[in-house]
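First up is the structure itself, then whatever we jot down about it.
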Amino acid sequence: MENKPKIGSITKIVKICLFFFIGISIIFVMARYLINDDFRNMVDTKILKKEITENSSNVIEINSDGNPYIYAYEKYITILSKNILSIYNQDANNILELDVNITTPNMTSNEKYLVIAENEGSKLYLIQDTSVKWEKDVEGEIYRVSVNKNGYVSVLLKNATYRSIVVVYAPNGTELFRSYLATSYAMCSEISQNNKYLAIGQIDYSGTIVKSVVKLIEMEAVKERKQDSIVYTYESESSKILNNIKFNHKHEAICMFDSYIQKVTALSDERLYDINSDNIFVDINLADDIVIVEKETSGLFSYQYQVNIKDTVGKNENLYILDNDLPKRLKVTSNLICMNLANEVRVINTGGWLLKRYITKSEIQDIVVSDSIMGIVYNNKIEVISL
């Protein structure tokens, strides 16, 4: 009697071969996507639809005569003009208008919170999603504001008595405390994402040598009026100017000076990066990374410019190759990097992967961007692009 092949065994072999073939095909396609520029561009454009052109997106019409101030946060684009804040969604629909008594705005945001202040004025608003959570008239002239993802706000003021006053507000608008600086000028302030620390960056002009100082303050200790509220003080190298401070998710203060970047914690400080002449743009506003647009000078590669994304928590680095394309401007959110290349805009993530490529023949006036939405601003319109 002949032995008949078992149908189940043959089916199993066919499935294994099929899975093996699919796996090899995926590896081949991914490898080609990574190393072949023409193939990657074709996939991004034709399959993944990453490339879009002017007039292919939803449009917000604007009147430039009204001197509009345009800003993006969370999933909204806002237009402030004549004391009215108009809020638009990703479909370019005007979903809300708020009365905001602001003429020259100073705006910043973090996730669902937006702070609007009158620059060199006294008016201050905190907006949560699409509603005004609180508004205040402060004593002094506002020159810088910040907000963390939980709605804690820090405000830098100046008046006739002190060079700077740092005021911290809770999400409900309650003033938590003030810090008065008599001999130094506060350049920036930032509240950690766990609401535990306030970092104040100061510049002291009182001596013969200009000094920048970062003070890390435990907020609960200040509220309880303890004497040891300053948990760490970092003093810069001589004549170095502090530009910005940003906390990462480990609640470490990343401090950007004019020639280097320093990490400051409650226990120590550490040099992260030395800025050099080949660095065209440097930004610390990513959630956990530093972004550096730099010129490649080694001569080992065929490209000229690259985007280097350095992790502030670990030692990871990611690259995005720009070839010979040099950005005119860089905009950075918590998780995205947006580059204006004159008639082209590219958006990449912190892994160095292209998310969107926008191409136009018109002159771009500005770009506003958050983690979820981007607005390409022209003289008479804003093209809205979901990210």
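Chain labels A, B, ... are given in the sequence in which chains occur in the structure tokens; within each chain residues are numbered consecutively from 1, and ligands are likewise numbered from 1 in the order shown.
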
- request: Please provide the set of residues having any atom within 8 Å of Asn110 (chain A), restricted to only C-alpha atoms, with same-chain residues fewer than 3 positions apart removed, written as a PyMOL selection string.
  value: chain A and resi 73-74+113-114+147-149

- request: Excluding Lys223 (chain A) and residues on its chain fewer than 4 positions from it, collect all residues at most 8 Å away from it, counting only C-alpha atoms, and give them as a list in words.
  value: Leu176, Phe177 and Met219 of chain A

query: How would you write, as a PyMOL selection string, the set of residues in region 40-241 of chain A that DSSP gives as alpha helix (DSSP H)?
result: chain A and resi 40-42+219-223

For Ser372 (chain A), the nearest of the candidates A:Glu235, A:Glu111, A:Glu175, A:Glu252, counting only C-alpha atoms: A:Glu111

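Minimum atom-to-atom distances from A:Arg271, A:Pro327, A:Lys158, A:Asn55 to Glu294 (chain A) were compared using only C-alpha atoms, and the lowest value belongs to A:Pro327.
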
- request: Go through region 144-300 of chain A and collect every residue that DSSP, computed from the backbone, puts in strand (DSSP E or B); the answer should be as a ChimeraX atom specification.
  value: /A:144-147,153-158,164-169,175-181,184-191,197-204,211-218,230-235,242-247,253-257,260-264,269-274,279-283,289-295

Counting only C-alpha atoms, what is within 6 Å of region 79-94 of chain A, bar same-chain residues fewer than 3 positions away, as a CSV table (one decimal) with N, CA and C atoms, in the first residue's frame?
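Listed below is the output, selection-v3.csv:
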chain,number,residue,atom,x,y,z
A,58,ASN,N,-5.7,72.0,3.7
A,58,ASN,CA,-6.7,72.9,4.2
A,58,ASN,C,-6.1,74.3,4.4
A,59,VAL,N,-6.9,75.4,4.2
A,59,VAL,CA,-6.3,76.7,4.2
A,59,VAL,C,-7.1,77.6,5.1
A,60,ILE,N,-6.4,78.4,5.9
A,60,ILE,CA,-7.0,79.5,6.7
A,60,ILE,C,-6.6,80.8,6.0
A,68,PRO,N,-1.6,90.1,12.2
A,68,PRO,CA,-1.9,88.9,13.0
A,68,PRO,C,-0.6,88.2,13.6
A,69,TYR,N,-0.7,87.7,14.8
A,69,TYR,CA,0.3,86.9,15.4
A,69,TYR,C,-0.1,85.5,15.4
A,70,ILE,N,0.6,84.6,14.8
A,70,ILE,CA,0.2,83.2,14.5
A,70,ILE,C,1.0,82.3,15.4
A,76,TYR,N,-3.9,72.7,17.6
A,76,TYR,CA,-4.6,74.0,17.1
A,76,TYR,C,-3.6,75.0,16.6
A,97,GLU,N,-13.4,81.7,19.3
A,97,GLU,CA,-12.8,83.0,19.4
A,97,GLU,C,-12.8,83.5,20.9
A,98,LEU,N,-11.7,83.9,21.4
A,98,LEU,CA,-11.6,84.3,22.8
A,98,LEU,C,-11.2,85.8,22.8
A,99,ASP,N,-11.8,86.6,23.7
A,99,ASP,CA,-11.3,87.9,24.0
A,99,ASP,C,-10.1,87.9,24.8
A,100,VAL,N,-9.0,88.5,24.2
A,100,VAL,CA,-7.7,88.5,24.9
A,100,VAL,C,-7.1,89.9,24.8
A,101,ASN,N,-7.0,90.5,25.9
A,101,ASN,CA,-6.5,91.9,25.9
A,101,ASN,C,-5.0,92.0,25.8
A,102,ILE,N,-4.5,91.6,24.7
A,102,ILE,CA,-3.1,91.5,24.4
A,102,ILE,C,-2.8,92.2,23.0
